[in-house]
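Scroll down for the structure; my scribbles are underneath it.
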Amino acid sequence: MRRLLLIALFMSPIVNAYQTPPAELQALVDAPRGPLFRLGPKHGTALLLNLPSLPSIADVAQPELKLAGLRLNPKMRSQSRFDFASDISLLDIKTGQSRAVSGLPKDAHIADSAWSANERWVAFSRWGDKGVELWLLDVSNANAKQLIKEPLNTSSSAGFSWLSASEQLLVQLAPIGKAPTAPVTPTGPNTQDSQLGAQSQIRTYPDMLKTPADADLLDWHLQSQLAAVNLNGEINIITKPLTLLAASASPDGQLILTKSVRRPYSYLLPVSYFPQTYQVWNRQGKLVKTIAERPLQDRIPPGNDAVTSGPRDFAWRNDQPSTLTWLEAQDGGDPNKEAKIRDRLYQQAAPFNAPAQKLIDLAWRGASVLWGDDNLAIIEESWWKTRDTRTWRIHPGHPEQIAELLFARKSEDRYADAGDPATSKNAYGQSVIKQNGDAIYLVGEGAGPEGDRPFLDRYSLTGKKAERLWQSQAPYYEAPLAILSDAEFISSRESNTERPNFYLHTGATAARALTTFPHPTPQLKDVQKQKIQYPREDGVMLDATLYLPAGYDAKKDGPLPMLMWAYPREFKNAQLASQVRESPYRFNRISYNGPQAMLARGYAVLDNPAMPIVGEGKTEPNDNYLTQLTMNAQAAVDAVVKLGVADRNKIAVGGHSYGAFMTVNLLAHTRLFKAGIARSGAYNRTLTPFGFQSEDRNFWEAKPVYQAMAPFNFADQIKDPLLLIHGEMDNNSGTFPVQSERMYQALQGLGARARLVMLPNESHGYRARESIMQMLWEQDQWLGAYLKTKP
């Protein structure tokens with residue numbers, strides 16, 4: 001009898017129905033969302049996209065195909081999506097007046113949208129009963145209508161874009177036909193074959209092809225026929241059906257660059273690594289030139305600085321009618337080879353008969369390029385291994401001119417970030433660098449010891465000097481969105497108690513509010529927020545954001561139970577790891593996804609306490625992961641206890657993804673926390689043998705590191721209760737659902753206190769209202785059991 005009683009005490013009841021959390025947590029899930037703000041290219045009108053409540057589990061549970069890293073809705077011939085706008089309104093920037101858009105059905109299910117260059121039209125897609133529809137909004141009369149009856153194929157992209165700046169659209173039509181079906185009876189085994197000595201060190205990916213029938217089905221879903229559609233809905237077919245990944249029109253609208261896939265496919269890699277063909281077509285459907293044929297990318301060298309050999313990143317030059325640009329590795333894409341030149345940027349103008357022009361040689365990997373005109377383009381290069389980054393000015397119309405270095409810093413050095421060039425739309429409707437004589441505008445976060453204070457600078461390209469035009473001031477966090485002139489710009493402004501709204505700055509007068517969106521959770525408007533700093537044992541300064549319930553007084557009320565929620569970051573410099581992050585003036589956004597939700601239940605919350613993992617010189621960060629992780633956690637706990645806001649014996653730790661990995665490690669190697677919550681994590685590093693997070697060594701090169709970092713190997717040391725939550729259809733690389741299943745099995749077998757919650761039909765992030773409610777119920781129950789009452 002005594003044995004049966006003990007078994008009953010250690011077993012939790014299995015409840016299969018979705019649970020509902022307390023009312024105060026339900027209110028967070030059902031709080032108003034949005035609207036989304038989309039400023040027009042002329043800055044005269046903004047599109048406001050109103051967001052409905054979360055989708056139901058019935059929506060999320062619709063049939064879904066998982067093919068080569070894509071998740072597709074077979075009925076819609078589209079990538080799966082569950083977040084739509086329900087309706088649209090238009091906001092006049094000068095007057096601040098809004099207009100409701102007519103012509104839309106109720107709960108319109110609006111997916112993607114795109115402004116025309118002249119700001120007279122908005123094209124958008126809507127999920128209808130028979131497929132994805134193309135619609136057009138006339139801004140002058142705020143009326144929307146379906147433009148064509150033929151459905152779009154949005155399996156690999158939005159399915160539409162402006163072909164000429166404001167008169168025509170380039171669309172991807174879904175060819176008529178039925179999807180192929182797999183044979184009921186197998187015709188043979190599904191095999192894979194590696195070659196002796198041919199290394200292919202690729203990370204683990206979900207949703208890969210498994211059979212020849214899968215490959216046929218992928219082909220069918222990617223089949224698109226390019227067409228031009230005018231504003232009257234007249235369709236002009238351009239190409240035959242292509243197995244299309246992307247299509248983009250040249251700025252002048254006369255040529256179209258396509259990226260399509262071809263066989264053979266891979267059973268180990270997502271579709272972005274498949275053999276690809278890049279071609280340019282004219283508006284009449286004639287093939288102008290095959291630009292490149294890229295083979296299967298299964299031999300990319302290891303390392304975060306590794307890239308494919310051969311041309312990559314093809315794109316149109318935004319300031320020219322029809323000039324292609326691309327990067328090409330000069331070291332075979334292998335960062336382990338010695339090379340003075342790593343990357344080269346090329347350009348080639350239509351009709352692509354003349355030799356390509358070299359624009360710049362780069363010592364590191366090329367990254368983003370911003371185009372201005374023949375005398376100005378800006379390109380960044382970076383090297384992950386050393387965290388170095390440089391920004392260069394080139395003269396694309398005069399390639400013989402020497403590139404000029406504008407900025408150089410460590411990518412980890414947020415304080416030294418000079419900002420990003422502001423852009424505006426040109427006559428082609430393309431984004432180009434906004435210029436004022438020899439000057440450009442820079443917009444940056446303004447990171448510093450006081451936290452982020454976004455700024456607007458005018459930067460002289462001749463003098464290489466910046467003049468500060470404006471900077472965000474307390475008690476607001478305000479960031480420029482669109483630069484109209486030296487003294488005019490549109491910004492997003494928020495404070496601890498004011499949600500982000502949009503403002504128009506015009507010279508010396510006070511900024512004028514363009515929107516007045518209400519607080520989404522007024523019941524939590526007065527929660528307390530402060531930025532705290534504290535040292536860890538080795539002197540590295542850390543910071544975190546502390547949230548406390550409204551009206552709480554530490555001296556009068558005493559310490560509270562606390563939830564600490566974090567995510568580790570890797571650094572190569574201890575001093576830079578100490579830099580303050582974020583701003584103390586950001587809006588107190590109490591989201592159901594974040595730890596702040598538990599404020600509604602009376603907990604203190606320490607959000608994003610810094611968890612830097614530093615490896616200086618030849619030492620890699622992960623070589624000392626556990627030592628530094630423990631120091632970070634100990635410092636955070638000591639800091640909140642010293643402040644008197646937390647009870648050392650009533651602190652839980654949690655995190656999502658890599659934060660979940662951190663959580664289980666802290667429970668395995670410390671007794672700092674009385675409970676843990678780990679959502680959608682990875683715990684066994686032998687299941688990610690070719691790298692994870694920023695670790696670019698493979699398991700066999702750094703076996704001790706992999707083994708020491710894997711909390712699964714130390715499951716027998718976990719003595720505090722652990723709640724594991726995971727989506728049953730996690731689509732994130734490395735965080736397969738089996739990671740949580742096996743971790744729970746180990747804990748259960750060893751007699752530890754653990755609970756495993758697998759959310760049906762959910763991916764790496766949870767989407768259905770029922771799933772979010774269940775997650776909050778689980779967290780509330782778990783924290784209540786181990787922090788608010790004695791176990």
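Each chain of the structure tokens is named A, B, ... in the order shown, its residues numbered from 1; ligands are numbered from 1 in display order.
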Open item on the list: Excluding Leu542 (chain A) and its own-chain neighbours fewer than 2 positions away, which residues fall within 10 Å of it when counting only C-alpha atoms? Please give them as a PyMOL selection string.
Closed with: chain A and resi 532-536+539-540+544+577-581+609-612+632+635-636
May I have the residues from that selection written out with C-alpha atoms, as a CSV table (one decimal), in the first residue's frame?
```
chain,number,residue,atom,x,y,z
A,532,ILE,CA,20.6,47.2,-13.8
A,533,GLN,CA,24.4,46.6,-14.1
A,534,TYR,CA,26.6,44.3,-12.1
A,535,PRO,CA,30.0,42.6,-12.4
A,536,ARG,CA,30.7,38.9,-12.7
A,539,GLY,CA,35.3,41.7,-13.8
A,540,VAL,CA,33.2,41.5,-17.0
A,544,ALA,CA,19.8,43.2,-17.4
A,577,ALA,CA,31.0,42.0,-23.9
A,578,SER,CA,30.5,44.5,-21.1
A,579,GLN,CA,28.8,47.1,-23.3
A,580,VAL,CA,25.3,48.1,-22.2
A,581,ARG,CA,22.5,46.8,-24.5
A,609,PRO,CA,20.4,39.2,-18.2
A,610,ALA,CA,23.7,39.3,-20.2
A,611,MET,CA,25.1,35.8,-20.7
A,612,PRO,CA,28.3,36.5,-22.6
A,632,ASN,CA,27.0,34.9,-15.5
A,635,ALA,CA,26.3,37.4,-10.8
A,636,ALA,CA,22.6,37.9,-11.9
```
Task: Neighbour list for Tyr706 (chain A) as an MDAnalysis selection string, cut-off 12 Å, only C-alpha atoms, skip fewer than 2 positions in-chain - done: chainID A and resid 622:626 683:692 695:704 708:713
Task: Within 12 Å of Thr462 (chain A) using only C-alpha atoms, minus same-chain residues under 3 positions, as a count of residues only - done: 12
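The spacing separating CA of Leu147 (chain A) from CA of Phe124 (chain A) amounts to 9.8 Å.
In the backbone-derived DSSP annotation, strand (DSSP E or B) within region 494-539 of chain A comprises Glu494, Asn501, Phe502, Tyr503, Leu504, His505, Thr506, Arg512, Ala513, Gln528, Lys529, Gln530, Lys531, Ile532, Gln533, Tyr534 and Pro535 of chain A.
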Put those residues in a file: C-alpha atoms, as a PDB file, in the first residue's frame.
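Dumped to again_36.pdb:
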```pdb
ATOM      1  CA  GLU A 494       7.870  55.068 -27.322  1.00  0.00           C
ATOM      2  CA  ASN A 501       3.528  55.708 -32.211  1.00  0.00           C
ATOM      3  CA  PHE A 502       4.661  57.633 -35.262  1.00  0.00           C
ATOM      4  CA  TYR A 503       5.698  61.299 -35.286  1.00  0.00           C
ATOM      5  CA  LEU A 504       6.500  63.945 -37.888  1.00  0.00           C
ATOM      6  CA  HIS A 505       9.468  66.216 -37.077  1.00  0.00           C
ATOM      7  CA  THR A 506       9.514  69.540 -38.941  1.00  0.00           C
ATOM      8  CA  ARG A 512       3.491  66.069 -34.285  1.00  0.00           C
ATOM      9  CA  ALA A 513       1.892  62.710 -33.517  1.00  0.00           C
ATOM     10  CA  GLN A 528       8.169  49.070 -12.913  1.00  0.00           C
ATOM     11  CA  LYS A 529      11.198  48.771 -15.175  1.00  0.00           C
ATOM     12  CA  GLN A 530      14.864  49.567 -14.613  1.00  0.00           C
ATOM     13  CA  LYS A 531      18.185  48.776 -16.238  1.00  0.00           C
ATOM     14  CA  ILE A 532      20.637  47.238 -13.786  1.00  0.00           C
ATOM     15  CA  GLN A 533      24.391  46.628 -14.095  1.00  0.00           C
ATOM     16  CA  TYR A 534      26.568  44.310 -12.054  1.00  0.00           C
ATOM     17  CA  PRO A 535      30.003  42.630 -12.360  1.00  0.00           C
TER      18      PRO A 535
END
```
